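**Student:** What follows is a single structure, and I will ask about it in a moment.
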Amino acid sequence: MSIVTDNHPVRSEDKDEFYHDILDGLYVFLDSPLILDILHAIRKYPLLRLGHALNENQVTCKKWLLKKLAENCGTRFRNVYILGGWYGVLGAMLLHDPSFEVKQVVSIDIDAQCKPIADALNRTHVRNKKFESITEDIYNLDYARLIQAEADADTPDLLINTSCEHLSDSELWLQKIPDRTLMVVQSNDYFGCEEHINCIPDLETFIGQVKLSELKYRGYFKLKKYTRFMLIGTK
Ligand SMILES: C[S@@+](CC[C@H](N)C(=O)[O-])C[C@H]1O[C@@H](n2cnc3c(N)ncnc32)[C@H](O)[C@@H]1O
């Protein structure tokens, strides 16, 4: 009796189908709309950079952010503005996390190519109007209009910038933000990356750069190639 097997290694031209099949299976097993949104985005935009935005380091740093945010500021927010939001990964992770209650996430990036990809990755929450992506330079935003720093202590507005290493003039950006705004900022010491024009060597330097008036959390996360720094507090 001969047994027919099809157990050959995956050919490179079949790799897309291979990985998509696995994600399809994980979606069924985990019943995760986040995985379904990711599948939708990577099928529509099969870009290497989208893979980078979803890689282990990026997701680890964003999971760390959500954990420390919940521990130090609670889980209920009104409008959450994510500056330099790239492809909307953090917005998707936040809105799909059942422990958080958020009115709306607005993801803002200067690169117009980010918007359609961020919208695809957040398809579920674009449909129910909980996610919006905007193409804009964060130096041009009217923060006083966007943020009501003291409107509601139980569900405050929140400003997140995990792209501080990309800012040409972080001092100018910080001047535009109203006092008492609740903020989460991340930066890193990955000086080797060409796009990183504002890296910092350590946490103390980051604290001195951002100058929050009330610091609720300060910490760092060591990754293989670099260390990521995070501050949570009010300006
Ligand atoms: C490579 S990504 C994000 C890296 C970071 N590790 C993260 O995941 O949050 C940096 C993003 O910042 C955006 N960016 C840089 N300067 C900006 C500005 N002035 N206004 C809005 N977005 C900006 C870039 O377009 C890019 O999409």
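Letters for chains follow the order of the structure tokens (A, B, ...), residue numbers begin at 1 for each chain, and ligand numbers begin at 1 in the order shown.
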Excluding Phe229 (chain A) and its own-chain neighbours fewer than 5 positions away, which residues fall within 8 Å of it when counting only C-alpha atoms? Please give them as a ChimeraX atom specification.
**Tutor:** /A:186-188,202-203,206,218-221
**Student:** Next, write the just-selected residues to a file, as a compact mmCIF listing (two decimals), in the first residue's frame, keeping C-alpha atoms as the atom set.
**Tutor:**
# COMPACT_ATOMS: atom_id res chain seq x y z
CA GLN A 186 8.76 56.57 23.63
CA SER A 187 12.20 57.00 22.10
CA ASN A 188 15.29 54.83 21.69
CA ASP A 202 19.62 56.92 28.20
CA LEU A 203 16.45 57.42 30.20
CA PHE A 206 14.84 61.48 27.72
CA ARG A 218 9.59 55.96 33.60
CA GLY A 219 11.24 52.86 32.26
CA TYR A 220 13.26 51.15 29.59
CA PHE A 221 12.98 47.91 27.65
**Student:** Determine which residues of region 14-124 of chain A receive a DSSP assignment of alpha helix (DSSP H), computed from the backbone, and state them as a VMD selection string.
**Tutor:** chain A and resid 15 to 30 33 to 44 48 to 53 56 to 73 89 to 95 114 to 121 123 to 124
**Student:** Each residue of chain A with at least one atom at most 9 Å from ligand 1 should appear once, together with its nearest atom pair and the corresponding distance in Å (one decimal); atoms considered: only C-alpha atoms and all ligand atoms; ordering: chain, then increasing residue number; output as JSON lines.
**Tutor:**
{"residue": "A:Arg49", "atom": "CA", "partner": "ligand 1", "partner_atom_place_in_ligand_line": "1 (C)", "distance": 8.7}
{"residue": "A:His52", "atom": "CA", "partner": "ligand 1", "partner_atom_place_in_ligand_line": "1 (C)", "distance": 8.9}
{"residue": "A:Ala53", "atom": "CA", "partner": "ligand 1", "partner_atom_place_in_ligand_line": "8 (O)", "distance": 6.3}
{"residue": "A:Leu54", "atom": "CA", "partner": "ligand 1", "partner_atom_place_in_ligand_line": "8 (O)", "distance": 8.9}
{"residue": "A:Asn57", "atom": "CA", "partner": "ligand 1", "partner_atom_place_in_ligand_line": "6 (N)", "distance": 8.8}
{"residue": "A:Gln58", "atom": "CA", "partner": "ligand 1", "partner_atom_place_in_ligand_line": "8 (O)", "distance": 5.8}
{"residue": "A:Val59", "atom": "CA", "partner": "ligand 1", "partner_atom_place_in_ligand_line": "8 (O)", "distance": 8.3}
{"residue": "A:Cys61", "atom": "CA", "partner": "ligand 1", "partner_atom_place_in_ligand_line": "8 (O)", "distance": 8.1}
{"residue": "A:Lys62", "atom": "CA", "partner": "ligand 1", "partner_atom_place_in_ligand_line": "8 (O)", "distance": 7.7}
{"residue": "A:Ile82", "atom": "CA", "partner": "ligand 1", "partner_atom_place_in_ligand_line": "9 (O)", "distance": 8.8}
{"residue": "A:Leu83", "atom": "CA", "partner": "ligand 1", "partner_atom_place_in_ligand_line": "21 (C)", "distance": 6.2}
{"residue": "A:Gly84", "atom": "CA", "partner": "ligand 1", "partner_atom_place_in_ligand_line": "12 (O)", "distance": 3.7}
{"residue": "A:Gly85", "atom": "CA", "partner": "ligand 1", "partner_atom_place_in_ligand_line": "11 (C)", "distance": 6.1}
{"residue": "A:Trp86", "atom": "CA", "partner": "ligand 1", "partner_atom_place_in_ligand_line": "27 (O)", "distance": 3.8}
{"residue": "A:Tyr87", "atom": "CA", "partner": "ligand 1", "partner_atom_place_in_ligand_line": "27 (O)", "distance": 7.1}
{"residue": "A:Gly88", "atom": "CA", "partner": "ligand 1", "partner_atom_place_in_ligand_line": "8 (O)", "distance": 8.9}
{"residue": "A:Val89", "atom": "CA", "partner": "ligand 1", "partner_atom_place_in_ligand_line": "8 (O)", "distance": 7.8}
{"residue": "A:Leu90", "atom": "CA", "partner": "ligand 1", "partner_atom_place_in_ligand_line": "8 (O)", "distance": 7.7}
{"residue": "A:Ile108", "atom": "CA", "partner": "ligand 1", "partner_atom_place_in_ligand_line": "21 (C)", "distance": 6.1}
{"residue": "A:Asp109", "atom": "CA", "partner": "ligand 1", "partner_atom_place_in_ligand_line": "22 (N)", "distance": 3.7}
{"residue": "A:Ile110", "atom": "CA", "partner": "ligand 1", "partner_atom_place_in_ligand_line": "21 (C)", "distance": 3.8}
{"residue": "A:Asp111", "atom": "CA", "partner": "ligand 1", "partner_atom_place_in_ligand_line": "25 (O)", "distance": 4.6}
{"residue": "A:Ala112", "atom": "CA", "partner": "ligand 1", "partner_atom_place_in_ligand_line": "25 (O)", "distance": 8.2}
{"residue": "A:Gln113", "atom": "CA", "partner": "ligand 1", "partner_atom_place_in_ligand_line": "25 (O)", "distance": 8.8}
{"residue": "A:Cys114", "atom": "CA", "partner": "ligand 1", "partner_atom_place_in_ligand_line": "27 (O)", "distance": 6.7}
{"residue": "A:Thr135", "atom": "CA", "partner": "ligand 1", "partner_atom_place_in_ligand_line": "21 (C)", "distance": 7.6}
{"residue": "A:Glu136", "atom": "CA", "partner": "ligand 1", "partner_atom_place_in_ligand_line": "21 (C)", "distance": 5.8}
{"residue": "A:Asp137", "atom": "CA", "partner": "ligand 1", "partner_atom_place_in_ligand_line": "20 (N)", "distance": 3.6}
{"residue": "A:Ile138", "atom": "CA", "partner": "ligand 1", "partner_atom_place_in_ligand_line": "20 (N)", "distance": 4.0}
{"residue": "A:Tyr139", "atom": "CA", "partner": "ligand 1", "partner_atom_place_in_ligand_line": "19 (N)", "distance": 5.8}
{"residue": "A:Asn140", "atom": "CA", "partner": "ligand 1", "partner_atom_place_in_ligand_line": "20 (N)", "distance": 8.2}
{"residue": "A:Asn161", "atom": "CA", "partner": "ligand 1", "partner_atom_place_in_ligand_line": "9 (O)", "distance": 6.9}
{"residue": "A:Thr162", "atom": "CA", "partner": "ligand 1", "partner_atom_place_in_ligand_line": "9 (O)", "distance": 4.0}
{"residue": "A:Ser163", "atom": "CA", "partner": "ligand 1", "partner_atom_place_in_ligand_line": "5 (C)", "distance": 4.4}
{"residue": "A:Cys164", "atom": "CA", "partner": "ligand 1", "partner_atom_place_in_ligand_line": "5 (C)", "distance": 7.8}
{"residue": "A:Glu165", "atom": "CA", "partner": "ligand 1", "partner_atom_place_in_ligand_line": "5 (C)", "distance": 7.8}
{"residue": "A:His166", "atom": "CA", "partner": "ligand 1", "partner_atom_place_in_ligand_line": "15 (C)", "distance": 5.2}
{"residue": "A:Leu167", "atom": "CA", "partner": "ligand 1", "partner_atom_place_in_ligand_line": "16 (N)", "distance": 5.4}
{"residue": "A:Ser168", "atom": "CA", "partner": "ligand 1", "partner_atom_place_in_ligand_line": "16 (N)", "distance": 7.4}
{"residue": "A:Asp169", "atom": "CA", "partner": "ligand 1", "partner_atom_place_in_ligand_line": "19 (N)", "distance": 8.9}
{"residue": "A:Trp173", "atom": "CA", "partner": "ligand 1", "partner_atom_place_in_ligand_line": "19 (N)", "distance": 8.7}
{"residue": "A:Gln186", "atom": "CA", "partner": "ligand 1", "partner_atom_place_in_ligand_line": "9 (O)", "distance": 7.7}
{"residue": "A:Ser187", "atom": "CA", "partner": "ligand 1", "partner_atom_place_in_ligand_line": "6 (N)", "distance": 7.6}
{"residue": "A:Asn188", "atom": "CA", "partner": "ligand 1", "partner_atom_place_in_ligand_line": "6 (N)", "distance": 8.2}
{"residue": "A:Glu195", "atom": "CA", "partner": "ligand 1", "partner_atom_place_in_ligand_line": "1 (C)", "distance": 7.7}
{"residue": "A:His196", "atom": "CA", "partner": "ligand 1", "partner_atom_place_in_ligand_line": "1 (C)", "distance": 8.6}
{"residue": "A:Arg228", "atom": "CA", "partner": "ligand 1", "partner_atom_place_in_ligand_line": "6 (N)", "distance": 8.8}
**Student:** Generate a file of the selected residues that holds N, CA and C atoms, formatted as a compact mmCIF listing (two decimals), in the first residue's frame.
**Tutor:**
# COMPACT_ATOMS: atom_id res chain seq x y z
N ARG A 49 7.74 47.01 4.74
CA ARG A 49 7.69 47.92 5.90
C ARG A 49 6.49 47.63 6.81
N HIS A 52 7.67 45.13 9.05
CA HIS A 52 8.50 45.72 10.11
C HIS A 52 7.62 46.30 11.22
N ALA A 53 6.54 46.98 10.80
CA ALA A 53 5.65 47.61 11.80
C ALA A 53 4.97 46.57 12.68
N LEU A 54 4.89 45.33 12.16
CA LEU A 54 4.22 44.26 12.92
C LEU A 54 5.21 43.26 13.50
N ASN A 57 9.76 43.16 17.81
CA ASN A 57 10.20 44.33 18.60
C ASN A 57 9.10 45.39 18.69
N GLN A 58 8.51 45.70 17.53
CA GLN A 58 7.49 46.76 17.50
C GLN A 58 6.28 46.38 18.35
N VAL A 59 5.83 45.15 18.21
CA VAL A 59 4.64 44.73 18.96
C VAL A 59 4.96 44.61 20.46
N CYS A 61 7.09 46.44 22.16
CA CYS A 61 7.15 47.79 22.75
C CYS A 61 5.76 48.38 22.92
N LYS A 62 4.86 48.03 22.02
CA LYS A 62 3.49 48.58 22.12
C LYS A 62 2.70 47.84 23.19
N ILE A 82 -2.55 59.46 18.41
CA ILE A 82 -1.27 58.75 18.26
C ILE A 82 -0.47 59.47 17.17
N LEU A 83 0.59 60.12 17.60
CA LEU A 83 1.38 60.97 16.69
C LEU A 83 2.51 60.16 16.07
N GLY A 84 2.73 60.37 14.77
CA GLY A 84 3.70 59.53 14.05
C GLY A 84 3.19 58.09 14.08
N GLY A 85 1.88 57.96 13.87
CA GLY A 85 1.17 56.67 14.09
C GLY A 85 1.48 55.59 13.07
N TRP A 86 2.21 55.95 11.98
CA TRP A 86 2.70 54.99 10.99
C TRP A 86 1.54 54.19 10.41
N TYR A 87 1.54 52.86 10.51
CA TYR A 87 0.49 52.04 9.87
C TYR A 87 -0.64 51.69 10.86
N GLY A 88 -0.68 52.38 11.99
CA GLY A 88 -1.83 52.21 12.89
C GLY A 88 -1.81 50.97 13.75
N VAL A 89 -0.62 50.38 13.94
CA VAL A 89 -0.55 49.13 14.73
C VAL A 89 -0.96 49.37 16.19
N LEU A 90 -0.44 50.46 16.78
CA LEU A 90 -0.77 50.72 18.19
C LEU A 90 -2.27 50.99 18.36
N ILE A 108 -2.09 59.96 13.51
CA ILE A 108 -1.66 61.08 12.66
C ILE A 108 -0.24 60.82 12.16
N ASP A 109 -0.07 60.91 10.85
CA ASP A 109 1.27 60.72 10.28
C ASP A 109 1.46 61.65 9.10
N ILE A 110 2.67 62.16 8.96
CA ILE A 110 2.98 63.10 7.87
C ILE A 110 3.04 62.40 6.50
N ASP A 111 3.27 61.12 6.52
CA ASP A 111 3.44 60.35 5.28
C ASP A 111 2.07 59.90 4.77
N ALA A 112 1.66 60.45 3.61
CA ALA A 112 0.32 60.17 3.07
C ALA A 112 0.14 58.68 2.75
N GLN A 113 1.23 57.95 2.53
CA GLN A 113 1.10 56.52 2.22
C GLN A 113 0.63 55.71 3.43
N CYS A 114 0.74 56.31 4.63
CA CYS A 114 0.35 55.56 5.84
C CYS A 114 -1.17 55.41 5.97
N THR A 135 -3.53 62.53 7.62
CA THR A 135 -2.20 62.86 7.11
C THR A 135 -1.90 64.30 7.48
N GLU A 136 -0.95 64.47 8.40
CA GLU A 136 -0.62 65.83 8.87
C GLU A 136 0.74 65.83 9.55
N ASP A 137 1.39 66.98 9.51
CA ASP A 137 2.64 67.17 10.22
C ASP A 137 2.28 67.47 11.69
N ILE A 138 2.85 66.75 12.62
CA ILE A 138 2.45 66.96 14.02
C ILE A 138 2.87 68.33 14.55
N TYR A 139 3.76 69.02 13.83
CA TYR A 139 4.13 70.39 14.22
C TYR A 139 3.02 71.37 13.87
N ASN A 140 2.10 70.96 12.97
CA ASN A 140 1.03 71.87 12.52
C ASN A 140 -0.28 71.68 13.26
N ASN A 161 3.13 59.51 21.61
CA ASN A 161 4.12 59.63 20.54
C ASN A 161 5.22 58.60 20.78
N THR A 162 5.18 57.53 19.98
CA THR A 162 6.22 56.50 20.11
C THR A 162 7.30 56.69 19.05
N SER A 163 7.28 57.84 18.40
CA SER A 163 8.22 58.11 17.31
C SER A 163 9.13 59.29 17.63
N CYS A 164 9.41 59.54 18.93
CA CYS A 164 10.22 60.72 19.30
C CYS A 164 11.62 60.69 18.66
N GLU A 165 12.12 59.48 18.39
CA GLU A 165 13.45 59.40 17.76
C GLU A 165 13.44 59.94 16.33
N HIS A 166 12.24 60.17 15.79
CA HIS A 166 12.11 60.69 14.41
C HIS A 166 11.90 62.20 14.35
N LEU A 167 11.81 62.86 15.50
CA LEU A 167 11.44 64.29 15.50
C LEU A 167 12.65 65.20 15.29
N SER A 168 12.51 66.14 14.35
CA SER A 168 13.63 67.04 14.06
C SER A 168 13.81 68.06 15.18
N ASP A 169 12.72 68.46 15.85
CA ASP A 169 12.81 69.48 16.90
C ASP A 169 11.78 69.16 17.99
N TRP A 173 8.00 70.93 19.24
CA TRP A 173 6.75 70.14 19.30
C TRP A 173 6.15 70.22 20.71
N GLN A 186 7.69 57.57 23.73
CA GLN A 186 8.76 56.57 23.63
C GLN A 186 9.85 57.10 22.69
N SER A 187 11.09 56.71 23.00
CA SER A 187 12.20 57.00 22.10
C SER A 187 13.20 55.85 22.24
N ASN A 188 14.33 55.94 21.56
CA ASN A 188 15.29 54.83 21.69
C ASN A 188 16.73 55.28 21.44
N GLU A 195 16.90 57.09 9.67
CA GLU A 195 15.70 57.91 9.93
C GLU A 195 15.65 58.43 11.38
N HIS A 196 16.48 57.88 12.24
CA HIS A 196 16.46 58.27 13.66
C HIS A 196 17.34 59.49 13.88
N ARG A 228 14.57 50.72 24.27
CA ARG A 228 13.48 51.68 24.09
C ARG A 228 13.14 52.29 25.45
**Student:** Please report the interatomic distance between CA of Leu172 (chain A) and CA of Leu215 (chain A) in Å with one decimal.
**Tutor:**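 Separation of CA of Leu172 (chain A) and CA of Leu215 (chain A): 20.3 Å.
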**Student:** What residues in region 89-177 of chain A get the DSSP label strand (DSSP E or B)? Please answer as a ChimeraX atom specification.
**Tutor:** /A:101-109,131-135,158-161
